[in-house]
Every structure is written in structure tokens, then in C-alpha cells.
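> Sharing a structure here in C-alpha cells format.
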Amino acid sequence: MSEKLYAWLLRLYPSRFREAYGDEALQLFRDRARDERANIPRLRLWVDLLCDLAWSLPREYFHVQPELASYALRLHSEDGPSLVVLADESLGPGALLFGAVLALAVVAAFSALLNHGVKHVPLSALIRPARSAANVLSSRFTPPAPELTRDSQAGAIAPGTGQPPELTASSSQAENLAAGNAESDGHIPSEELRPFEKPSTQPRGAVLVYAKAKLAAAERHLVIVEAAANLKQHYVDANVAQKMADALVQHEKNGDDDVTDGRAFADLLTKQMREVSHDRHLEVVYSETPLPDPPVVTPEFYARYRKAMEQTNCTFEPVKILPHNIGYLKFNSFPDPSVCRQVAEDAMEALNHADAVIFDLRDNRGGNPGMVRLIAAYLFDRPQYMYNPREETKQDSWTRSPVPGNRLANEPVYVLTSGNTFSAAEHFSYDLKMLKRATLVGERTAGATDVGIFHRLDDHFGIAIRETGAINPYSEPDWDGIGVRPNVKVKAADALETAVKLAENRLQKK
Amino acid sequence: MPKQKLNPLPSAAFQILLALAGEDLHGYGIMRQVAEQTNDRMRLGPGTLYSSIQTLLDAKLIEEIEPREDAKLGHERRRYYRLTSAGRKLARCEAERLADLVRLARAKKILRGEYV
């Protein structure tokens with residue numbers, strides 16, 4: 001029996017080997033089997049045979065013993081030219097088995113790499129290459145950008161491409177904010193920061209010409225020095241900050257930074273920092289047009305914001321009650337609660353008797369995390385932690401649930417999303433999704449967390465540094481750069497219809 | 001013998017050369033001799049044994065001689081192998097190389113005492 005089994009195993013060897021030594025191998029097996037009859041030697045015999053198989057099969061197929069083989073070739077060639085046929089073998093079962101295993105391994109490695117790539121490739125760079133990354137990233141720091149001006153003229157601040165509500169997020173403490181800005185910018189002596197440019201004295205065209213010029217080693221050095229200084233000053237973990245700063249300097253010394261394209265240089269620095277920290281919220285950004293000066297949030301600006309909010313009902317559209325008593329609320333920003341608390345509370349009150357609620361965030365450009373918690377509070381019957389990668393966890397990170405008189409805590413909730421759903425609106429969507437409190441319907445959101453606080457390095461380079469240590473309690477990474485994926489993926493235009501259908505089905509089952 | 005070309009000799013091949021240094025042997029005989037000279041640490045399985053034999057034959061380091069019976073193992077005719085002079089020379093080169101290594105290990109205080 002065991003001899004038959006071994007004879008079968010021998011068939012795994014190439015026919016060349018079987019023809020030459022098959023009988024001898026079987027004979028050797030018989031000899032050993034005869035001599036090693038007791039249980040333990042018999043077991044050892046089979047262990048030996050299996051080890052031998054594993055060891056010698058690949059050698060038989062791949063001719064491993066190059067030293068001897070080449071020696072043989074040399075011997076032959078001394079007698080004159082000779083032809084050595086290395087592969088005169090049809091595919092045996094061993095080769096097929098090996099091929100199958102290899103194919104499986106390649107497929108597994110490929111899929112592993114794919115997953116790995118999704119997690120670590122700086123996707124933000126891929127997803128928002130067209131927009132000036134600096135504008136997206138600059139958060140507390142967002143200047144009164146052209147969009148803002150245009151929007152204010154149109155009478156609505158919120159729907160701008162910049163994030164004015166966010167800007168004024170903490171502007172209930174406008175002075176604090178202004179002080180914060182002064183602090184974040186003030187630590188760098190301005191002469192040291194911008195030796196190359198004198199924007200106030202130079203015509204703008206001159207700066208642009210400079211921007212398109214090739215990046216000189218001197219500016220690269222300056223950017224690296226500034227980036228290292230900013231990391232050490234602002235990064236949440238001082239040890240890691242020091243390591244990253246050292247790495248940046250070391251790479252420069254090694255001559256790794258020899259690129260003349262601004263964006264490529266920014267990406268390179270980003271990569272070097274992330275190699276050390278594995279923190280995807282860190283990013284160096286490059287802007288071809290000169291970065292604007294940090295905004296100063298003045299009481300006048302704040303008054304203008306308040307006025308614009310009043311004119312637009314805080315970007316909240318009127319609540320609608322759809323057939324089957326489904327409440328529908330569309331709002332296009334998460335405005336500062338110190339200005340818009342009443343509007344939000346009125347809207348939620350109007351939804352209070354609905355049997356299901358649809359929040360339409362398809363045009364919501366984000367805003368204030370306080371407003372996120374204020375609205376989310378209605379959806380829970382006990383305080384709920386709303387994870388926000390931008391903020392340290394504090395007492396205020398929990399919703400103030402239950403809200404007296406509220407009936408919505410256990411009603412089904414749907415959130416409509418689109419590629420224009422930004423920032424705080426993504427915060428709202430992400431947390432409700434992770435808490436399994438809402439069904440997201442629509443498109444993947446924009447992926448604009450702006451976790452990193454933006455610091456200016458020079459006229460064209462800035463760095464976004466995460467300054468908070470809030471730990472994500474969920475297994476899925478937050479939306480920075482990658483967006484929040486909806487539970488039900490449909491085109492944004494069809495999201496409302498789909499959500500209504502889902503809600504109706506759900507209500508019928510009740 | 002081009003020492004560098006065969007440097008290092010695969011360990012199974014070297015053991016086979018050593019096994020054949022004393023007398024001509026058949027496959028099973030080589031296997032037992034190798035097991036004996038390595039205190040049972042190396043038990044050559046058929047695959048390793050015969051693929052090494054084939055390589056050594058190709059390199060003309062051993063040769064196959066007239067098949068004959070082994071009286072102790074019954075009446076089957078067996079293929080016997082013999083060390084060639086090239087094989088003996090190569091084995092000596094390899095042994096010298098290993099002896100050099102041992103001397104080096106001694107000099108570096110990795111190996112001490114009377115092991116060799």
C-alpha cells in the first residue's frame with residue numbers, strides 16, 4: 001500500500017528523472033521500508049520522504065545546482081562545441097501544481113497591494129488635483145477668497161467654494177480666532193519667511209513670473225526649514241515631529257529633493273513626512289498663484305456674516321412634509337449656532353412629527369461642528385459621541401440628547417450626499433453612518449476634512465498639520481481626501497427619489 | 001580543478017563523494033553511508049539522492065559501474081557508483097576549503113577545543 005502511494009508521488013517528478021531513476025527510487029523505498037519496520041522509524045521514513053519531495057521537486061524542475069551544471073557544460077565544451085537541451089519536458093502534474101500555487105500567490109499579492117494602496121496613497125492629491133489645494137486646505141485660515149466676495153455680493157456666503165461658515169465657525173469668539181491666526185503666523189519672522197517676495201511692493205505679475213520659474217535650491221531649502229519648524233511647533237506628537245523634521249533635513253542632505261517642479265516638490269515632502277509618521281492628514285501643498293495673506297476676522301466681517309445668514313435663513317430651506325409623513329430638510333451649510341441656533345431648532349421642530357426624516361446635504365458646503373452636534377442631538381435619546389478629526393475630544397463632543405419634547409430619536413433617517421457635500425456636512429454624514437443611525441444615499445462626498453491646520457511656508461508653499469489627537473473610534477478611516485461612501489450609491493440627482501422609496505418601504509414594514 | 005567554480009559544493013553532493021571515497025556503493029548503500037557518517041543527521045531521500053547522483057555523473061565526478069547484486073539485500077541487481085579521480089580531487093578541495101573555514105573560526109574564537 002505505502003509503496004503504491006510512494007510510486008504515485010514519484011509521478012510528480014519529471015519523466016526524465018522517472019525514466020533514469022524511478023525504479024531505483026522505488027527500490028530504495030522498499031529497502032528502507034524493509035529495514036525500518038517499527039512505528040517510529042516508519043514515521044521517520046515518511047517524514048524524510050515528504051521533506052525530500054518538497055526539497056528535490058523544485059530542484060528537478062529548475063536545475064538548481066548551477067555550479068555543477070556549469071562545470072559539466074565546461075567539461076563538454078572542452079571536447080568541442082556541444083548542444084545542451086535544457087527543456088525537453090512536457091508539463092507534468094508537479095509543474096501544473098506549482099503554476100496553480102504561483103498564480104494564486106500573485107492574485108493574492110495583487111489584491112493585497114490594491115488594498116494597501118487605497119489606504120496609503122495620498123489620495124487627496126488624486127482626488128482634488130484641479131483645485132488649488134491650498135484653498136481647500138486652509139481652514140481657520142481661509143482668506144476672503146474671490147468666491148466669498150462673489151457670494152456675499154449675491155447675498156449668500158455659505159455656498160461659496162471656500163468655507164466661510166467654517167471660517168466664522170469659532171468667530172463667536174472672533175477675537176480669539178484673530179489671536180489664533182496671529183499666533184500661528186506670528187511665530188515665523190516674516191523676513192525669514194519670505195525673503196524672495198515683496199508682494200506689497202512688487203506688481204502681481206512679477207510674482208507670477210517667479211512662480212512659474214523653476215524652483216531653486218535656495219527656496220527648497222527655505223521651505224524645508226520652515227516645514228521642519230512648523231512641524232516641531234505644531235504637530236501633535238513632539239517625538240514624531242522631531243523625527244519628521246530630521247528626515248526632511250536628511251533627505252535634503254542626501255540630495256533626494258532635487259526637483260524643480262513646485263507641485264512635485266510638495267508631493268515629495270509630503271511623502272517624506274508620511275514615511276515617518278504614517279499620518280495622512282499631513283500634507284505640503286503648492287499653489288502656483290501666490291497664497292493670500294492670512295485673513296483678519298474683524299467684527300465687520302462677522303457682522304456681514306450675520307447679516308448674510310439672516311438674509312438666507314441660515315441656508316436652511318423650508319421643511320417639507322412629503323407623502324407618507326416623510327419629513328424633508330435641505331440645508332446648505334452648518335452655520336454657526338451662535339447666529340443660527342433658532343433657525344435650526346425651528347426646522348427640527350417642524351420635522352418633529354415626521355415618521356422618517358431626510359436630510360438633504362447635496363449642496364451643503366460644511367461649516368460649524370457645533371451645528372453638527374446641535375442637529376444630531378435630535379436623532380438620539382442619549383448623549384452620543386460625535387467623532388471629529390479636527391477637534392480634541394472634549395465634553396462638548398457629545399450631543400446634548402435627549403432634546404426635550406423631541407420625537408425623532410428613533411425614527412429612520414436618510415442623508416442625501418453628493419460630490420459637493422463638504423467638510424462639516426461630511427462630519428455629519430460620516431458619524432451618522434458609523435453610528436448606524438442614518439442611511440446615506442447618493443454619491444461619495446468631497447473628502448474635505450481639513451484636519452490639518454494650514455500654515456504658510458512661503459508665497460507658494462503651505463503645510464497642513466494635524467494638531468489634535470482625537471482618536472477615530474471606527475474601523476473605517478475618516479473622510480479626509482477620500483470622502484464618505486454612501487450606503488446606497490445612486491446619482492446625486494436621483495438620491496431624493498431613492499431615499500423616499502427606501503423610507504416608504506421601511507414605513508410600510510412597520 | 002577550478003576550485004572557484006565548485007565553491008561551495010552542495011552539501012548532499014559532498015557527502016555522496018565522501019561516502020564513495022571508501023568503496024563503490026549502490027543508491028541505498030550511499031544513503032546509509034551518508035546517514036552513518038553524519039550521525040544520522042542527513043538521511044538522503046530518493047529525490048535528493050538521485051538528482052545529486054545525476055548531477056555528479058554529468059560532471060563526471062562519479063561514474064556508474066557494472067550493476068550487480070548486493071548479497072545482503074536479496075537478488076535484485078543494483079546500479080553501483082564509483083568516485084572518479086576528478087571527484088576525489090574535488091572532494092579534497094572542498095575538505096580543504098572547510099578546513100580553512102574551521103581554522104578561521106578558531107582564529108576568531110568562534111570554535112575552540114579539539115573538535116577537528
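Ordering of the C-alpha cells sets the chain letters (A, B, ...), residue numbers begin anew at 1 in every chain, and ligands are numbered from 1 in the order given.
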Quick one: pick out all alpha helix (DSSP H) residues within region 4-114 of chain B from a backbone DSSP run and write them as a PyMOL selection string.
chain B and resi 11-22+27-37+46-58+85-107
> For region 219-223 of chain A, work out the shell of residues within 8 Å, counting only C-alpha atoms and skipping chain neighbours fewer than 5 positions away, then give it as JSON, numbers by chain.
{"A": [193, 252, 457, 458, 461]}
> Print the selection's residues with C-alpha atoms to a file, as a short mmCIF file (atom, residue, chain, number, x, y, z; two decimals), in the first residue's frame.

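In the end it all went to out12.cif:
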```
data_model
loop_
_atom_site.label_atom_id
_atom_site.label_comp_id
_atom_site.auth_asym_id
_atom_site.auth_seq_id
_atom_site.Cartn_x
_atom_site.Cartn_y
_atom_site.Cartn_z
CA LEU A 193 9.62 83.51 5.89
CA GLU A 252 17.80 67.30 1.57
CA LEU A 457 5.66 78.36 4.43
CA ASP A 458 6.29 80.95 1.78
CA PHE A 461 4.08 76.60 -0.27
#
```
> Using only C-alpha atoms and a cut-off of 9 Å, which residues of chain B sit close to chain A? Please list them as a list of chain:residue names.
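Filtering chain B at 9 Å from chain A with only C-alpha atoms gives B:Pro2, B:Lys5, B:Leu6, B:Asn7, B:Pro8, B:Leu9, B:Pro10, B:Gly27, B:Tyr28, B:Met31, B:Arg43, B:Leu44, B:Gly45, B:Pro46, B:Gly47, B:Thr48, B:Leu49, B:Tyr50, B:Ser51, B:Ser52, B:Gln54, B:Thr55, B:Leu56, B:Asp58, B:Ala59, B:Lys60, B:Leu73, B:Arg78, B:Arg79.
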> Dump N, CA and C atoms for the selected residues as a JSON list (two decimals), in the first residue's frame?

```json
[["chain", "number", "residue", "atom", "x", "y", "z"],
["B", 2, "PRO", "N", 38.94, 23.60, -11.21],
["B", 2, "PRO", "CA", 38.64, 25.01, -10.94],
["B", 2, "PRO", "C", 37.87, 25.12, -9.63],
["B", 5, "LYS", "N", 34.79, 27.45, -9.22],
["B", 5, "LYS", "CA", 33.54, 27.09, -9.89],
["B", 5, "LYS", "C", 32.67, 26.20, -9.02],
["B", 6, "LEU", "N", 33.29, 25.43, -8.17],
["B", 6, "LEU", "CA", 32.54, 24.47, -7.38],
["B", 6, "LEU", "C", 32.52, 24.88, -5.92],
["B", 7, "ASN", "N", 32.44, 26.14, -5.74],
["B", 7, "ASN", "CA", 32.62, 26.66, -4.40],
["B", 7, "ASN", "C", 31.38, 27.44, -3.99],
["B", 8, "PRO", "N", 30.57, 27.02, -3.04],
["B", 8, "PRO", "CA", 30.76, 25.80, -2.29],
["B", 8, "PRO", "C", 30.03, 24.63, -2.97],
["B", 9, "LEU", "N", 30.50, 23.45, -2.72],
["B", 9, "LEU", "CA", 29.86, 22.25, -3.23],
["B", 9, "LEU", "C", 28.58, 22.01, -2.44],
["B", 10, "PRO", "N", 27.48, 21.68, -3.11],
["B", 10, "PRO", "CA", 26.27, 21.38, -2.34],
["B", 10, "PRO", "C", 26.55, 20.27, -1.33],
["B", 27, "GLY", "N", 22.69, 2.97, -4.55],
["B", 27, "GLY", "CA", 21.96, 4.12, -4.02],
["B", 27, "GLY", "C", 21.64, 3.99, -2.53],
["B", 28, "TYR", "N", 21.06, 2.84, -2.18],
["B", 28, "TYR", "CA", 20.68, 2.67, -0.78],
["B", 28, "TYR", "C", 21.92, 2.63, 0.11],
["B", 31, "MET", "N", 23.01, 6.07, 0.72],
["B", 31, "MET", "CA", 22.12, 6.70, 1.69],
["B", 31, "MET", "C", 22.49, 6.29, 3.11],
["B", 43, "ARG", "N", 19.67, 12.20, 6.17],
["B", 43, "ARG", "CA", 19.15, 10.99, 5.54],
["B", 43, "ARG", "C", 18.64, 11.37, 4.16],
["B", 44, "LEU", "N", 19.41, 11.00, 3.13],
["B", 44, "LEU", "CA", 19.06, 11.43, 1.78],
["B", 44, "LEU", "C", 17.83, 10.67, 1.30],
["B", 45, "GLY", "N", 16.80, 11.41, 0.91],
["B", 45, "GLY", "CA", 15.63, 10.78, 0.31],
["B", 45, "GLY", "C", 15.92, 10.48, -1.14],
["B", 46, "PRO", "N", 15.11, 9.62, -1.75],
["B", 46, "PRO", "CA", 15.37, 9.21, -3.14],
["B", 46, "PRO", "C", 15.50, 10.39, -4.10],
["B", 47, "GLY", "N", 14.64, 11.39, -3.94],
["B", 47, "GLY", "CA", 14.67, 12.53, -4.86],
["B", 47, "GLY", "C", 16.00, 13.25, -4.80],
["B", 48, "THR", "N", 16.40, 13.61, -3.59],
["B", 48, "THR", "CA", 17.65, 14.34, -3.43],
["B", 48, "THR", "C", 18.83, 13.48, -3.85],
["B", 49, "LEU", "N", 18.78, 12.22, -3.41],
["B", 49, "LEU", "CA", 19.91, 11.31, -3.69],
["B", 49, "LEU", "C", 20.13, 11.17, -5.19],
["B", 50, "TYR", "N", 19.06, 10.82, -5.90],
["B", 50, "TYR", "CA", 19.27, 10.51, -7.32],
["B", 50, "TYR", "C", 19.47, 11.76, -8.15],
["B", 51, "SER", "N", 18.90, 12.87, -7.73],
["B", 51, "SER", "CA", 19.17, 14.08, -8.51],
["B", 51, "SER", "C", 20.62, 14.51, -8.29],
["B", 52, "SER", "N", 21.13, 14.32, -7.06],
["B", 52, "SER", "CA", 22.54, 14.65, -6.83],
["B", 52, "SER", "C", 23.44, 13.69, -7.61],
["B", 54, "GLN", "N", 22.76, 12.20, -10.32],
["B", 54, "GLN", "CA", 22.73, 12.55, -11.75],
["B", 54, "GLN", "C", 23.65, 13.74, -12.04],
["B", 55, "THR", "N", 23.60, 14.73, -11.13],
["B", 55, "THR", "CA", 24.44, 15.90, -11.34],
["B", 55, "THR", "C", 25.91, 15.53, -11.28],
["B", 56, "LEU", "N", 26.24, 14.67, -10.32],
["B", 56, "LEU", "CA", 27.65, 14.26, -10.19],
["B", 56, "LEU", "C", 28.09, 13.43, -11.38],
["B", 58, "ASP", "N", 26.86, 13.77, -14.40],
["B", 58, "ASP", "CA", 27.00, 14.72, -15.51],
["B", 58, "ASP", "C", 28.34, 15.43, -15.44],
["B", 59, "ALA", "N", 28.76, 15.74, -14.20],
["B", 59, "ALA", "CA", 30.02, 16.47, -14.03],
["B", 59, "ALA", "C", 31.22, 15.53, -14.03],
["B", 60, "LYS", "N", 30.94, 14.26, -14.25],
["B", 60, "LYS", "CA", 31.99, 13.24, -14.29],
["B", 60, "LYS", "C", 32.78, 13.18, -12.98],
["B", 73, "LEU", "N", 21.07, -7.82, 0.42],
["B", 73, "LEU", "CA", 19.75, -7.24, 0.17],
["B", 73, "LEU", "C", 18.95, -8.04, -0.85],
["B", 78, "ARG", "N", 21.64, -4.16, -8.75],
["B", 78, "ARG", "CA", 21.62, -2.74, -8.38],
["B", 78, "ARG", "C", 22.69, -1.97, -9.14],
["B", 79, "ARG", "N", 22.42, -0.71, -9.38],
["B", 79, "ARG", "CA", 23.39, 0.17, -10.04],
["B", 79, "ARG", "C", 24.39, 0.65, -9.00]]
```
> CA of Ala227 (chain A) and CA of Asn388 (chain A), how far apart in Å?
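Those two atoms sit 25.2 Å apart.
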> So, with only C-alpha atoms as the atoms that count, which of B:Cys93, B:Ala71, B:Leu83, B:Ala105 lies closest to Ala21 (chain B)?
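Among the listed residues, B:Leu83 lies closest to Ala21 (chain B).
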> Pick from A:Asp355, A:Glu391, A:Glu275, A:Asp360: nearest to Ile471 (chain A), with only C-alpha atoms counted?
A:Glu391
> List as a PyMOL selection string the protein and nucleic acid residues near Cys314 (chain A), meaning an atom at most 9 Å away when only C-alpha atoms are counted, but skip any in the same chain fewer than 5 places from it.
chain A and resi 158+306+308-309+331-336+339-340+343-344
> In Å, rounded to a single decimal, give me how far CA of Val484 (chain A) is from CA of Arg365 (chain A).
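Interatomic distance here is 14.2 Å.
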> Could you pull the residues within 10 Å of region 463-470 of chain A, counting only C-alpha atoms, minus those fewer than 2 positions along the same chain, as a compact mmCIF listing (two decimals) with N, CA and C atoms, in the first residue's frame?

```txt
# COMPACT_ATOMS: atom_id res chain seq x y z
N ALA A 134 -4.43 74.50 -1.65
CA ALA A 134 -4.28 75.40 -0.52
C ALA A 134 -5.63 75.99 -0.13
N LEU A 137 -7.53 73.40 1.70
CA LEU A 137 -6.98 73.03 2.99
C LEU A 137 -7.06 74.14 4.02
N SER A 138 -6.90 75.34 3.54
CA SER A 138 -6.84 76.40 4.53
C SER A 138 -8.18 76.46 5.23
N SER A 139 -8.15 76.25 6.50
CA SER A 139 -9.40 76.11 7.20
C SER A 139 -9.69 77.35 8.02
N VAL A 223 11.84 76.23 2.27
CA VAL A 223 10.58 75.52 2.53
C VAL A 223 10.82 74.38 3.52
N GLU A 226 11.32 75.78 7.00
CA GLU A 226 10.05 76.24 7.56
C GLU A 226 9.14 75.07 7.91
N ALA A 227 9.11 74.09 7.03
CA ALA A 227 8.24 72.94 7.29
C ALA A 227 8.69 72.25 8.57
N ASN A 230 7.65 74.32 11.55
CA ASN A 230 6.21 74.22 11.80
C ASN A 230 5.82 72.89 12.41
N LEU A 231 6.47 71.84 11.91
CA LEU A 231 6.16 70.52 12.46
C LEU A 231 6.49 70.49 13.94
N GLN A 233 6.74 72.84 16.00
CA GLN A 233 5.92 73.72 16.82
C GLN A 233 4.48 73.22 16.95
N HIS A 234 3.94 72.64 15.88
CA HIS A 234 2.50 72.41 15.88
C HIS A 234 2.08 70.95 15.92
N TYR A 235 2.96 70.03 15.54
CA TYR A 235 2.48 68.67 15.39
C TYR A 235 2.10 68.08 16.75
N VAL A 236 1.10 67.21 16.72
CA VAL A 236 0.50 66.76 17.96
C VAL A 236 1.46 65.91 18.79
N ASP A 237 2.39 65.21 18.12
CA ASP A 237 3.33 64.35 18.85
C ASP A 237 4.75 64.90 18.64
N ALA A 266 6.38 69.54 -3.46
CA ALA A 266 5.43 69.47 -2.35
C ALA A 266 5.03 68.01 -2.09
N LEU A 269 7.87 66.15 -0.34
CA LEU A 269 7.96 66.43 1.10
C LEU A 269 6.83 65.72 1.85
N THR A 270 5.64 65.73 1.25
CA THR A 270 4.50 65.04 1.87
C THR A 270 4.85 63.57 2.08
N ASP A 279 0.93 59.51 8.83
CA ASP A 279 -0.22 60.36 9.13
C ASP A 279 -0.69 61.00 7.84
N ARG A 280 -1.84 60.53 7.35
CA ARG A 280 -2.27 61.01 6.04
C ARG A 280 -2.89 62.40 6.13
N HIS A 281 -2.99 62.94 7.34
CA HIS A 281 -3.52 64.29 7.46
C HIS A 281 -2.42 65.34 7.27
N LEU A 282 -1.20 64.87 7.10
CA LEU A 282 -0.09 65.79 6.88
C LEU A 282 0.10 66.02 5.40
N GLU A 283 0.30 67.25 5.04
CA GLU A 283 0.44 67.49 3.61
C GLU A 283 1.17 68.81 3.38
N VAL A 284 2.10 68.80 2.42
CA VAL A 284 2.66 70.06 1.95
C VAL A 284 1.95 70.38 0.65
N VAL A 285 1.48 71.59 0.51
CA VAL A 285 0.74 71.94 -0.70
C VAL A 285 1.47 73.06 -1.44
N TYR A 286 1.25 73.08 -2.75
CA TYR A 286 1.88 74.08 -3.59
C TYR A 286 0.79 74.82 -4.34
N TYR A 387 -17.53 61.89 16.70
CA TYR A 387 -16.09 61.96 16.42
C TYR A 387 -15.81 63.01 15.35
N ASN A 388 -14.88 63.88 15.64
CA ASN A 388 -14.47 64.89 14.67
C ASN A 388 -12.95 64.95 14.65
N PRO A 389 -12.34 64.56 13.52
CA PRO A 389 -10.87 64.50 13.49
C PRO A 389 -10.22 65.87 13.67
N ARG A 390 -10.99 66.92 13.56
CA ARG A 390 -10.39 68.25 13.69
C ARG A 390 -10.31 68.74 15.12
N GLU A 391 -11.06 68.11 16.00
CA GLU A 391 -11.15 68.67 17.35
C GLU A 391 -10.68 67.66 18.38
N GLU A 392 -10.07 68.15 19.42
CA GLU A 392 -9.78 67.30 20.56
C GLU A 392 -11.11 66.82 21.14
N THR A 393 -11.08 65.61 21.68
CA THR A 393 -12.28 65.14 22.35
C THR A 393 -12.48 65.94 23.63
N LYS A 394 -13.67 66.45 23.79
CA LYS A 394 -13.95 67.25 24.98
C LYS A 394 -15.39 66.97 25.37
N ASP A 450 -10.12 68.73 6.05
CA ASP A 450 -9.30 69.83 6.51
C ASP A 450 -8.88 69.61 7.95
N VAL A 451 -8.43 68.40 8.21
CA VAL A 451 -7.98 68.11 9.57
C VAL A 451 -6.73 68.92 9.86
N GLY A 452 -5.90 69.00 8.83
CA GLY A 452 -4.67 69.74 9.04
C GLY A 452 -4.96 71.24 9.10
N ILE A 453 -4.33 71.89 10.04
CA ILE A 453 -4.44 73.34 10.10
C ILE A 453 -3.35 73.90 9.19
N PHE A 454 -3.77 74.84 8.36
CA PHE A 454 -2.88 75.30 7.31
C PHE A 454 -1.88 76.34 7.84
N HIS A 455 -0.62 76.16 7.48
CA HIS A 455 0.38 77.16 7.80
C HIS A 455 1.11 77.53 6.54
N ARG A 456 1.38 78.79 6.43
CA ARG A 456 2.05 79.29 5.25
C ARG A 456 3.56 79.09 5.40
N LEU A 457 4.20 78.54 4.36
CA LEU A 457 5.66 78.36 4.43
C LEU A 457 6.37 79.46 3.66
N ASP A 458 5.84 79.76 2.49
CA ASP A 458 6.29 80.95 1.78
C ASP A 458 5.18 81.33 0.81
N PHE A 461 4.16 77.88 -0.97
CA PHE A 461 4.08 76.60 -0.27
C PHE A 461 3.39 76.79 1.08
N ASN A 472 -9.90 58.08 16.22
CA ASN A 472 -11.09 57.61 15.50
C ASN A 472 -11.57 56.30 16.12
N PRO A 473 -12.80 56.27 16.63
CA PRO A 473 -13.28 55.04 17.27
C PRO A 473 -13.76 54.01 16.25
```
> For Arg88 (chain B), find every residue with an atom within 12 Å (counting only C-alpha atoms), except residues of its own chain fewer than 4 positions away, and show them as a CSV table (one decimal) with C-alpha atoms, in the first residue's frame.

```
chain,number,residue,atom,x,y,z
B,1,MET,CA,40.2,21.5,-10.8
B,14,PHE,CA,29.9,16.4,-1.0
B,15,GLN,CA,28.5,13.8,1.4
B,16,ILE,CA,28.0,11.4,-1.5
B,17,LEU,CA,31.5,11.9,-2.7
B,18,LEU,CA,32.8,11.2,0.8
B,19,ALA,CA,30.5,8.1,1.0
B,20,LEU,CA,32.0,6.8,-2.2
B,21,ALA,CA,35.6,7.6,-1.1
B,22,GLY,CA,35.8,4.3,0.8
B,56,LEU,CA,27.6,14.3,-10.2
B,60,LYS,CA,32.0,13.2,-14.3
B,61,LEU,CA,32.8,13.4,-10.6
B,62,ILE,CA,31.4,9.8,-10.2
B,63,GLU,CA,30.7,7.1,-12.6
B,82,ARG,CA,32.3,4.8,-8.1
B,83,LEU,CA,34.3,8.0,-7.3
B,84,THR,CA,36.4,9.3,-10.3
B,92,ARG,CA,39.7,17.1,-1.3
B,93,CYS,CA,39.4,20.7,-2.4
B,94,GLU,CA,36.1,21.0,-0.6
B,95,ALA,CA,37.5,19.4,2.5
```
> One decimal, Å: what's the distance from CA of Ser401 (chain A) over to CA of Tyr385 (chain A), could you say?
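These two atoms are separated by 10.4 Å.
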